[in-house]
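This is input-v8.txt (compact mmCIF, N, CA and C atoms and all ligand atoms).
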# COMPACT_ATOMS: atom_id res chain seq x y z
N MET A 1451 -75.06 -13.79 -21.00
CA MET A 1451 -76.40 -13.32 -21.31
C MET A 1451 -77.39 -14.23 -20.58
N GLY A 1452 -78.40 -13.62 -19.97
CA GLY A 1452 -79.42 -14.40 -19.27
C GLY A 1452 -80.79 -14.13 -19.86
N VAL A 1453 -81.63 -15.15 -19.87
CA VAL A 1453 -82.96 -15.03 -20.48
C VAL A 1453 -84.01 -15.51 -19.49
N ASP A 1454 -85.08 -14.75 -19.36
CA ASP A 1454 -86.24 -15.19 -18.59
C ASP A 1454 -87.46 -14.50 -19.19
N ILE A 1455 -88.59 -15.17 -19.12
CA ILE A 1455 -89.80 -14.61 -19.73
C ILE A 1455 -90.49 -13.59 -18.81
N ALA A 1456 -90.12 -13.59 -17.53
CA ALA A 1456 -90.82 -12.74 -16.55
C ALA A 1456 -90.09 -11.41 -16.34
N SER A 1457 -90.81 -10.30 -16.52
CA SER A 1457 -90.19 -8.97 -16.37
C SER A 1457 -89.61 -8.76 -14.98
N ASP A 1458 -90.33 -9.23 -13.94
CA ASP A 1458 -89.83 -8.96 -12.58
C ASP A 1458 -88.51 -9.67 -12.33
N ARG A 1459 -88.34 -10.87 -12.93
CA ARG A 1459 -87.06 -11.57 -12.75
C ARG A 1459 -85.93 -10.84 -13.46
N ILE A 1460 -86.24 -10.29 -14.63
CA ILE A 1460 -85.22 -9.54 -15.37
C ILE A 1460 -84.86 -8.28 -14.59
N ALA A 1461 -85.87 -7.61 -14.03
CA ALA A 1461 -85.59 -6.38 -13.27
C ALA A 1461 -84.70 -6.70 -12.07
N ARG A 1462 -85.02 -7.80 -11.38
CA ARG A 1462 -84.22 -8.18 -10.22
C ARG A 1462 -82.78 -8.53 -10.62
N ALA A 1463 -82.66 -9.25 -11.73
CA ALA A 1463 -81.33 -9.63 -12.21
C ALA A 1463 -80.53 -8.39 -12.59
N ASN A 1464 -81.20 -7.43 -13.21
CA ASN A 1464 -80.49 -6.20 -13.60
C ASN A 1464 -80.01 -5.43 -12.37
N ARG A 1465 -80.82 -5.45 -11.29
CA ARG A 1465 -80.38 -4.75 -10.07
C ARG A 1465 -79.12 -5.42 -9.50
N LYS A 1466 -79.11 -6.76 -9.51
CA LYS A 1466 -77.93 -7.48 -9.01
C LYS A 1466 -76.72 -7.20 -9.89
N ARG A 1467 -76.97 -7.17 -11.18
CA ARG A 1467 -75.89 -6.89 -12.14
C ARG A 1467 -75.26 -5.53 -11.85
N GLU A 1468 -76.13 -4.54 -11.59
CA GLU A 1468 -75.60 -3.19 -11.35
C GLU A 1468 -74.83 -3.13 -10.03
N ARG A 1469 -75.38 -3.81 -9.01
CA ARG A 1469 -74.66 -3.82 -7.72
C ARG A 1469 -73.27 -4.45 -7.88
N ALA A 1470 -73.21 -5.51 -8.71
CA ALA A 1470 -71.94 -6.23 -8.89
C ALA A 1470 -71.06 -5.57 -9.95
N ARG A 1471 -71.59 -4.55 -10.63
CA ARG A 1471 -70.85 -3.84 -11.69
C ARG A 1471 -70.35 -4.78 -12.77
N LEU A 1472 -71.24 -5.66 -13.22
CA LEU A 1472 -70.87 -6.61 -14.27
C LEU A 1472 -71.36 -6.05 -15.61
N ASP A 1473 -70.57 -5.15 -16.17
CA ASP A 1473 -71.01 -4.42 -17.35
C ASP A 1473 -71.14 -5.28 -18.60
N ASN A 1474 -70.49 -6.43 -18.61
CA ASN A 1474 -70.55 -7.28 -19.81
C ASN A 1474 -71.64 -8.35 -19.71
N LEU A 1475 -72.52 -8.22 -18.69
CA LEU A 1475 -73.60 -9.19 -18.51
C LEU A 1475 -74.91 -8.54 -18.95
N HIS A 1476 -75.72 -9.26 -19.70
CA HIS A 1476 -76.97 -8.69 -20.21
C HIS A 1476 -78.10 -9.67 -20.02
N PHE A 1477 -79.27 -9.15 -19.71
CA PHE A 1477 -80.46 -9.99 -19.54
C PHE A 1477 -81.51 -9.60 -20.57
N VAL A 1478 -82.19 -10.61 -21.07
CA VAL A 1478 -83.19 -10.40 -22.11
C VAL A 1478 -84.51 -11.01 -21.62
N ARG A 1479 -85.58 -10.22 -21.69
CA ARG A 1479 -86.89 -10.78 -21.37
C ARG A 1479 -87.45 -11.42 -22.63
N ALA A 1480 -87.53 -12.73 -22.63
CA ALA A 1480 -88.01 -13.44 -23.82
C ALA A 1480 -88.38 -14.86 -23.45
N ASP A 1481 -89.21 -15.43 -24.26
CA ASP A 1481 -89.45 -16.87 -24.20
C ASP A 1481 -88.17 -17.55 -24.71
N ALA A 1482 -87.76 -18.62 -24.06
CA ALA A 1482 -86.48 -19.26 -24.42
C ALA A 1482 -86.48 -19.74 -25.87
N ASP A 1483 -87.58 -20.31 -26.34
CA ASP A 1483 -87.64 -20.78 -27.74
C ASP A 1483 -87.54 -19.60 -28.70
N ASP A 1484 -88.28 -18.52 -28.39
CA ASP A 1484 -88.26 -17.34 -29.26
C ASP A 1484 -86.86 -16.73 -29.29
N PHE A 1485 -86.21 -16.72 -28.13
CA PHE A 1485 -84.87 -16.15 -28.05
C PHE A 1485 -83.92 -16.89 -29.00
N LEU A 1486 -83.92 -18.22 -28.92
CA LEU A 1486 -83.01 -18.98 -29.79
C LEU A 1486 -83.37 -18.78 -31.26
N ALA A 1487 -84.67 -18.74 -31.55
CA ALA A 1487 -85.10 -18.60 -32.95
C ALA A 1487 -84.72 -17.23 -33.53
N ALA A 1488 -84.61 -16.22 -32.67
CA ALA A 1488 -84.32 -14.86 -33.16
C ALA A 1488 -82.83 -14.60 -33.37
N LEU A 1489 -81.99 -15.53 -32.92
CA LEU A 1489 -80.54 -15.29 -33.03
C LEU A 1489 -80.06 -15.41 -34.47
N SER A 1490 -79.00 -14.69 -34.77
CA SER A 1490 -78.36 -14.79 -36.08
C SER A 1490 -77.86 -16.22 -36.27
N GLU A 1491 -77.83 -16.65 -37.52
CA GLU A 1491 -77.33 -18.02 -37.77
C GLU A 1491 -75.84 -18.13 -37.47
N ASN A 1492 -75.17 -16.99 -37.29
CA ASN A 1492 -73.75 -17.02 -36.94
C ASN A 1492 -73.51 -17.02 -35.42
N ALA A 1493 -74.58 -16.88 -34.65
CA ALA A 1493 -74.41 -16.82 -33.19
C ALA A 1493 -73.89 -18.16 -32.67
N ARG A 1494 -72.95 -18.10 -31.74
CA ARG A 1494 -72.40 -19.32 -31.13
C ARG A 1494 -72.18 -19.09 -29.64
N PHE A 1495 -72.67 -20.02 -28.84
CA PHE A 1495 -72.44 -19.97 -27.40
C PHE A 1495 -71.41 -21.02 -27.03
N THR A 1496 -70.60 -20.71 -26.03
CA THR A 1496 -69.63 -21.71 -25.57
C THR A 1496 -70.16 -22.48 -24.37
N ALA A 1497 -71.24 -21.98 -23.76
CA ALA A 1497 -71.88 -22.70 -22.66
C ALA A 1497 -73.33 -22.24 -22.57
N ILE A 1498 -74.22 -23.18 -22.26
CA ILE A 1498 -75.65 -22.86 -22.12
C ILE A 1498 -76.13 -23.48 -20.81
N PHE A 1499 -76.69 -22.64 -19.95
CA PHE A 1499 -77.17 -23.11 -18.64
C PHE A 1499 -78.69 -23.01 -18.61
N ILE A 1500 -79.34 -24.08 -18.21
CA ILE A 1500 -80.79 -24.08 -18.01
C ILE A 1500 -81.00 -24.43 -16.54
N LEU A 1501 -81.30 -23.41 -15.75
CA LEU A 1501 -81.30 -23.58 -14.30
C LEU A 1501 -82.71 -23.52 -13.73
N PHE A 1502 -83.13 -24.63 -13.17
CA PHE A 1502 -84.41 -24.74 -12.48
C PHE A 1502 -85.58 -24.22 -13.33
N PRO A 1503 -85.69 -24.69 -14.57
CA PRO A 1503 -86.87 -24.29 -15.36
C PRO A 1503 -88.14 -24.83 -14.71
N ASP A 1504 -89.26 -24.14 -14.95
CA ASP A 1504 -90.52 -24.58 -14.34
C ASP A 1504 -90.77 -26.05 -14.69
N PRO A 1505 -91.07 -26.90 -13.69
CA PRO A 1505 -91.19 -28.34 -13.97
C PRO A 1505 -92.53 -28.77 -14.57
N TRP A 1506 -93.54 -27.92 -14.48
CA TRP A 1506 -94.87 -28.30 -14.99
C TRP A 1506 -95.16 -29.75 -14.60
N PRO A 1507 -95.35 -30.02 -13.32
CA PRO A 1507 -95.44 -31.41 -12.86
C PRO A 1507 -96.68 -32.19 -13.31
N LYS A 1508 -97.78 -31.48 -13.60
CA LYS A 1508 -98.97 -32.24 -14.04
C LYS A 1508 -98.74 -32.76 -15.46
N ARG A 1509 -99.11 -34.03 -15.65
CA ARG A 1509 -98.83 -34.67 -16.94
C ARG A 1509 -99.37 -33.85 -18.12
N ARG A 1510 -100.57 -33.30 -17.96
CA ARG A 1510 -101.16 -32.58 -19.10
C ARG A 1510 -100.45 -31.25 -19.38
N HIS A 1511 -99.59 -30.83 -18.44
CA HIS A 1511 -98.83 -29.60 -18.65
C HIS A 1511 -97.38 -29.85 -19.08
N ASN A 1512 -96.98 -31.12 -19.12
CA ASN A 1512 -95.57 -31.46 -19.45
C ASN A 1512 -95.12 -30.81 -20.75
N LYS A 1513 -96.06 -30.62 -21.67
CA LYS A 1513 -95.72 -30.06 -22.99
C LYS A 1513 -95.17 -28.63 -22.88
N ASN A 1514 -95.42 -27.98 -21.74
CA ASN A 1514 -94.94 -26.60 -21.55
C ASN A 1514 -93.48 -26.53 -21.12
N ARG A 1515 -92.89 -27.68 -20.83
CA ARG A 1515 -91.50 -27.66 -20.36
C ARG A 1515 -90.56 -27.10 -21.43
N VAL A 1516 -89.60 -26.31 -20.96
CA VAL A 1516 -88.63 -25.70 -21.89
C VAL A 1516 -87.74 -26.78 -22.51
N MET A 1517 -87.26 -27.71 -21.70
CA MET A 1517 -86.28 -28.69 -22.18
C MET A 1517 -86.97 -29.84 -22.91
N LYS A 1518 -87.11 -29.67 -24.21
CA LYS A 1518 -87.73 -30.70 -25.04
C LYS A 1518 -86.76 -30.96 -26.20
N PRO A 1519 -87.00 -32.02 -26.98
CA PRO A 1519 -86.09 -32.31 -28.10
C PRO A 1519 -85.94 -31.12 -29.05
N GLU A 1520 -87.02 -30.39 -29.31
CA GLU A 1520 -86.94 -29.24 -30.23
C GLU A 1520 -86.01 -28.16 -29.66
N PHE A 1521 -86.06 -27.97 -28.35
CA PHE A 1521 -85.17 -26.99 -27.72
C PHE A 1521 -83.72 -27.45 -27.84
N LEU A 1522 -83.49 -28.75 -27.64
CA LEU A 1522 -82.12 -29.28 -27.76
C LEU A 1522 -81.59 -29.04 -29.17
N SER A 1523 -82.47 -29.18 -30.17
CA SER A 1523 -82.05 -28.94 -31.56
C SER A 1523 -81.73 -27.46 -31.78
N ALA A 1524 -82.58 -26.58 -31.27
CA ALA A 1524 -82.36 -25.14 -31.44
C ALA A 1524 -81.08 -24.72 -30.70
N ALA A 1525 -80.84 -25.29 -29.53
CA ALA A 1525 -79.61 -24.97 -28.78
C ALA A 1525 -78.39 -25.50 -29.53
N ALA A 1526 -78.52 -26.67 -30.15
CA ALA A 1526 -77.39 -27.25 -30.90
C ALA A 1526 -77.01 -26.35 -32.07
N ALA A 1527 -78.00 -25.66 -32.64
CA ALA A 1527 -77.74 -24.80 -33.80
C ALA A 1527 -76.88 -23.58 -33.44
N VAL A 1528 -76.86 -23.21 -32.17
CA VAL A 1528 -76.05 -22.05 -31.76
C VAL A 1528 -74.90 -22.49 -30.84
N ALA A 1529 -74.55 -23.77 -30.92
CA ALA A 1529 -73.47 -24.30 -30.09
C ALA A 1529 -72.35 -24.80 -30.98
N GLY A 1530 -71.13 -24.42 -30.65
CA GLY A 1530 -69.98 -24.96 -31.38
C GLY A 1530 -69.63 -26.34 -30.84
N LYS A 1531 -68.79 -27.06 -31.56
CA LYS A 1531 -68.38 -28.38 -31.09
C LYS A 1531 -67.77 -28.27 -29.69
N GLY A 1532 -68.23 -29.10 -28.77
CA GLY A 1532 -67.70 -29.09 -27.41
C GLY A 1532 -68.42 -28.15 -26.46
N THR A 1533 -69.33 -27.34 -27.00
CA THR A 1533 -70.11 -26.45 -26.12
C THR A 1533 -70.82 -27.27 -25.04
N GLY A 1534 -70.82 -26.74 -23.84
CA GLY A 1534 -71.46 -27.43 -22.73
C GLY A 1534 -72.91 -26.99 -22.56
N LEU A 1535 -73.76 -27.96 -22.31
CA LEU A 1535 -75.16 -27.69 -21.97
C LEU A 1535 -75.32 -28.14 -20.52
N TYR A 1536 -75.66 -27.21 -19.65
CA TYR A 1536 -75.71 -27.50 -18.22
C TYR A 1536 -77.14 -27.34 -17.73
N PHE A 1537 -77.72 -28.43 -17.29
CA PHE A 1537 -79.13 -28.44 -16.88
C PHE A 1537 -79.21 -28.83 -15.42
N ARG A 1538 -80.00 -28.08 -14.67
CA ARG A 1538 -80.15 -28.37 -13.24
C ARG A 1538 -81.61 -28.17 -12.85
N THR A 1539 -82.14 -29.12 -12.09
CA THR A 1539 -83.53 -29.04 -11.64
C THR A 1539 -83.65 -29.74 -10.28
N ASP A 1540 -84.72 -29.39 -9.55
CA ASP A 1540 -84.99 -30.11 -8.31
C ASP A 1540 -86.12 -31.12 -8.52
N HIS A 1541 -86.56 -31.26 -9.76
CA HIS A 1541 -87.70 -32.13 -10.06
C HIS A 1541 -87.19 -33.40 -10.76
N GLU A 1542 -87.16 -34.51 -10.01
CA GLU A 1542 -86.50 -35.71 -10.53
C GLU A 1542 -87.14 -36.25 -11.81
N PRO A 1543 -88.49 -36.29 -11.93
CA PRO A 1543 -89.06 -36.79 -13.19
C PRO A 1543 -88.65 -35.95 -14.40
N TYR A 1544 -88.59 -34.63 -14.22
CA TYR A 1544 -88.15 -33.75 -15.31
C TYR A 1544 -86.69 -34.07 -15.65
N PHE A 1545 -85.87 -34.26 -14.62
CA PHE A 1545 -84.47 -34.59 -14.85
C PHE A 1545 -84.33 -35.86 -15.68
N ARG A 1546 -85.12 -36.89 -15.30
CA ARG A 1546 -85.03 -38.16 -16.03
C ARG A 1546 -85.47 -37.99 -17.47
N GLU A 1547 -86.52 -37.19 -17.67
CA GLU A 1547 -87.02 -36.96 -19.03
C GLU A 1547 -85.94 -36.28 -19.89
N VAL A 1548 -85.27 -35.29 -19.32
CA VAL A 1548 -84.24 -34.56 -20.07
C VAL A 1548 -83.04 -35.47 -20.34
N ALA A 1549 -82.66 -36.27 -19.36
CA ALA A 1549 -81.52 -37.18 -19.55
C ALA A 1549 -81.82 -38.13 -20.72
N GLU A 1550 -83.04 -38.61 -20.79
CA GLU A 1550 -83.44 -39.51 -21.88
C GLU A 1550 -83.41 -38.77 -23.22
N ALA A 1551 -83.95 -37.53 -23.24
CA ALA A 1551 -83.97 -36.74 -24.48
C ALA A 1551 -82.56 -36.45 -24.97
N VAL A 1552 -81.64 -36.19 -24.05
CA VAL A 1552 -80.24 -35.93 -24.43
C VAL A 1552 -79.62 -37.21 -25.00
N ARG A 1553 -79.88 -38.35 -24.34
CA ARG A 1553 -79.32 -39.61 -24.83
C ARG A 1553 -79.79 -39.91 -26.25
N GLU A 1554 -81.03 -39.53 -26.55
CA GLU A 1554 -81.59 -39.85 -27.87
C GLU A 1554 -81.27 -38.80 -28.92
N HIS A 1555 -80.69 -37.67 -28.50
CA HIS A 1555 -80.48 -36.57 -29.45
C HIS A 1555 -79.14 -36.74 -30.16
N GLU A 1556 -79.16 -36.58 -31.49
CA GLU A 1556 -77.93 -36.84 -32.25
C GLU A 1556 -76.86 -35.77 -32.05
N ASP A 1557 -77.25 -34.56 -31.62
CA ASP A 1557 -76.26 -33.48 -31.52
C ASP A 1557 -75.60 -33.36 -30.15
N TRP A 1558 -76.16 -34.01 -29.15
CA TRP A 1558 -75.64 -33.86 -27.79
C TRP A 1558 -75.19 -35.21 -27.24
N GLU A 1559 -74.15 -35.15 -26.45
CA GLU A 1559 -73.61 -36.36 -25.83
C GLU A 1559 -73.54 -36.11 -24.33
N GLU A 1560 -74.15 -36.99 -23.56
CA GLU A 1560 -74.12 -36.76 -22.11
C GLU A 1560 -72.69 -36.85 -21.61
N ALA A 1561 -72.29 -35.89 -20.80
CA ALA A 1561 -70.92 -35.85 -20.29
C ALA A 1561 -70.91 -35.97 -18.77
N SER A 1562 -72.08 -36.13 -18.14
CA SER A 1562 -72.12 -36.28 -16.69
C SER A 1562 -71.35 -37.55 -16.35
N PRO A 1563 -70.64 -37.58 -15.25
CA PRO A 1563 -70.56 -36.56 -14.22
C PRO A 1563 -69.45 -35.53 -14.44
N ALA A 1564 -69.34 -34.97 -15.63
CA ALA A 1564 -68.35 -33.91 -15.83
C ALA A 1564 -68.61 -32.80 -14.82
N ALA A 1565 -67.54 -32.11 -14.48
CA ALA A 1565 -67.66 -31.10 -13.43
C ALA A 1565 -68.55 -29.94 -13.88
N TRP A 1566 -69.33 -29.46 -12.95
CA TRP A 1566 -70.07 -28.20 -13.16
C TRP A 1566 -69.03 -27.09 -13.15
N PRO A 1567 -69.07 -26.17 -14.13
CA PRO A 1567 -67.94 -25.24 -14.25
C PRO A 1567 -67.74 -24.29 -13.08
N PHE A 1568 -68.84 -23.90 -12.43
CA PHE A 1568 -68.68 -23.07 -11.23
C PHE A 1568 -69.97 -23.19 -10.44
N GLU A 1569 -69.89 -22.92 -9.16
CA GLU A 1569 -71.08 -23.02 -8.33
C GLU A 1569 -71.49 -21.65 -7.83
N GLU A 1570 -72.70 -21.24 -8.19
CA GLU A 1570 -73.27 -19.99 -7.71
C GLU A 1570 -74.77 -20.26 -7.60
N ALA A 1571 -75.23 -20.54 -6.40
CA ALA A 1571 -76.62 -20.98 -6.23
C ALA A 1571 -77.61 -19.90 -6.67
N THR A 1572 -78.56 -20.28 -7.52
CA THR A 1572 -79.60 -19.34 -7.92
C THR A 1572 -80.65 -19.26 -6.81
N VAL A 1573 -81.61 -18.35 -6.98
CA VAL A 1573 -82.68 -18.20 -5.99
C VAL A 1573 -83.36 -19.55 -5.74
N PHE A 1574 -83.68 -20.26 -6.82
CA PHE A 1574 -84.41 -21.52 -6.66
C PHE A 1574 -83.51 -22.63 -6.13
N GLN A 1575 -82.25 -22.57 -6.45
CA GLN A 1575 -81.35 -23.59 -5.89
C GLN A 1575 -81.28 -23.45 -4.38
N LYS A 1576 -81.29 -22.21 -3.90
CA LYS A 1576 -81.22 -22.00 -2.45
C LYS A 1576 -82.46 -22.54 -1.77
N ARG A 1577 -83.61 -22.51 -2.47
CA ARG A 1577 -84.85 -22.99 -1.88
C ARG A 1577 -84.99 -24.51 -1.94
N ALA A 1578 -84.28 -25.13 -2.89
CA ALA A 1578 -84.48 -26.56 -3.15
C ALA A 1578 -83.80 -27.41 -2.08
N GLU A 1579 -84.46 -28.51 -1.70
CA GLU A 1579 -83.84 -29.42 -0.73
C GLU A 1579 -82.71 -30.20 -1.37
N ARG A 1580 -82.88 -30.53 -2.66
CA ARG A 1580 -81.84 -31.24 -3.40
C ARG A 1580 -82.01 -30.91 -4.87
N HIS A 1581 -81.01 -31.21 -5.64
CA HIS A 1581 -81.15 -30.95 -7.07
C HIS A 1581 -80.37 -31.99 -7.86
N PHE A 1582 -80.63 -32.02 -9.16
CA PHE A 1582 -80.03 -32.99 -10.06
C PHE A 1582 -79.40 -32.20 -11.21
N SER A 1583 -78.19 -32.60 -11.60
CA SER A 1583 -77.46 -31.86 -12.64
C SER A 1583 -77.08 -32.77 -13.79
N LEU A 1584 -77.21 -32.23 -14.97
CA LEU A 1584 -76.80 -32.97 -16.17
C LEU A 1584 -75.89 -32.09 -17.01
N VAL A 1585 -74.80 -32.67 -17.48
CA VAL A 1585 -73.89 -31.96 -18.38
C VAL A 1585 -73.87 -32.71 -19.70
N ALA A 1586 -74.06 -31.97 -20.79
CA ALA A 1586 -73.95 -32.57 -22.13
C ALA A 1586 -73.00 -31.72 -22.95
N LYS A 1587 -72.39 -32.35 -23.92
CA LYS A 1587 -71.47 -31.62 -24.81
C LYS A 1587 -71.98 -31.74 -26.24
N ARG A 1588 -71.82 -30.64 -26.98
CA ARG A 1588 -72.20 -30.64 -28.40
C ARG A 1588 -71.23 -31.53 -29.16
N ARG A 1589 -71.77 -32.46 -29.94
CA ARG A 1589 -70.90 -33.36 -30.73
C ARG A 1589 -70.21 -32.58 -31.85
C1 LIG B 1 -88.34 -21.94 -11.03
S1 LIG B 1 -87.91 -20.38 -11.76
C2 LIG B 1 -86.12 -20.45 -11.77
C3 LIG B 1 -85.52 -19.07 -11.88
C4 LIG B 1 -83.97 -19.05 -11.90
N1 LIG B 1 -83.46 -19.69 -13.11
C5 LIG B 1 -83.38 -19.72 -10.68
O1 LIG B 1 -82.77 -20.79 -10.83
O2 LIG B 1 -83.55 -19.18 -9.58
C6 LIG B 1 -88.32 -20.69 -13.45
C7 LIG B 1 -88.15 -19.47 -14.32
O3 LIG B 1 -88.37 -19.82 -15.68
C8 LIG B 1 -88.99 -18.73 -16.33
N2 LIG B 1 -89.64 -19.25 -17.53
C9 LIG B 1 -90.72 -20.05 -17.58
N3 LIG B 1 -91.01 -20.36 -18.85
C10 LIG B 1 -90.07 -19.74 -19.62
C11 LIG B 1 -89.83 -19.68 -21.01
N4 LIG B 1 -90.62 -20.31 -21.86
N5 LIG B 1 -88.79 -18.97 -21.46
C12 LIG B 1 -87.98 -18.30 -20.58
N6 LIG B 1 -88.16 -18.33 -19.25
C13 LIG B 1 -89.18 -19.04 -18.77
C14 LIG B 1 -89.95 -18.19 -15.27
O4 LIG B 1 -90.30 -16.84 -15.51
C15 LIG B 1 -89.14 -18.35 -13.98
O5 LIG B 1 -88.41 -17.19 -13.67

Represent the supplied structure as C-alpha cells.
Amino acid sequence: MGVDIASDRIARANRKRERARLDNLHFVRADADDFLAALSENARFTAIFILFPDPWPKRRHNKNRVMKPEFLSAAAAVAGKGTGLYFRTDHEPYFREVAEAVREHEDWEEASPAAWPFEEATVFQKRAERHFSLVAKRR
C-alpha cells in the first residue's frame, strides 16, 4: 500500500500499477498522519517505507516534516515486533534529525547498516545526487 497526499502522484502511481498489472498494490491519497490514525487497531505492517519525504529545509518549516517522534509512535502502533522502518532522503540535516529521533524513541531500534530489502529507485531518488538511508526495527 502506498500513501501520498497529492492526487497527481496517486494518479501517476495508479497508471504505473496498471501497466505493471500489480493487482495487489493499492494507493491511498491521504496525509500520512491521518492515514495511520484512521487504521484499525488490529492493523499491522511488516515493513514501512518513507521515501524522500519533503525536507522543509527552512527552520521555521521543520515542524511540517512527516518524520517526527509522534509519527514514529503512530507507526510503532501498527508495527509488529521486528517490523522494518526504512527511511531515505537526500537532505542530510533531515536524515540526522530522524536518526536522532529514532535513537531516542523507545519503540524503535536503529538497525543500520542493515540491508535495504530491495532497490527500486523512486522518481526523487533518480533526481537526487546522493541519498542517505536509515533502517530501524520495531522492538
Ligand atoms: C519529494 S516527493 C517524493 C515522492 C516519492 N516518495 C519519491 O520518492 O519519488 C515528497 C512527496 O511527499 C508527499 N507528501 C508531503 N507531505 C505529505 C504528508 N503529510 N502525507 C503524505 N504525503 C505527503 C508529497 O505530495 C510528495 O509527493

### Polymer residues at most 6 Å from stretch 1532-1536 of chain A, all atoms listed in the file, same-chain spacing of 5 or more positions, as a VMD selection string
chain A and resid 1495 to 1500 1584 to 1589

### Task
Pull the helix (DSSP H, G or I) assignments for stretch 1487-1571 of chain A out of DSSP run on the backbone, and list those residues as a PyMOL selection string.
chain A and resi 1487-1488+1509-1514+1519-1527+1542-1554

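Between atom O2 of ligand LIG 1 (chain B) and atom CA of A:Arg1510 the separation is 24.1 Å.
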
### Task
May I ask you to write as a PyMOL selection string all residues lying at most 10 Å from ligand LIG 1 (chain B), with only C-alpha atoms and all ligand atoms counted?
chain A and resi 1452-1460+1463+1478-1485+1499-1506+1514-1517+1538-1540+1571-1578

### Message
Applying 7 Å and only C-alpha atoms, which residues near stretch 1524-1527 of chain A remain after dropping the ones on its own chain fewer than 3 positions away? List them as a PyMOL selection string.
### Response
chain A and resi 1486+1520-1521+1557+1588
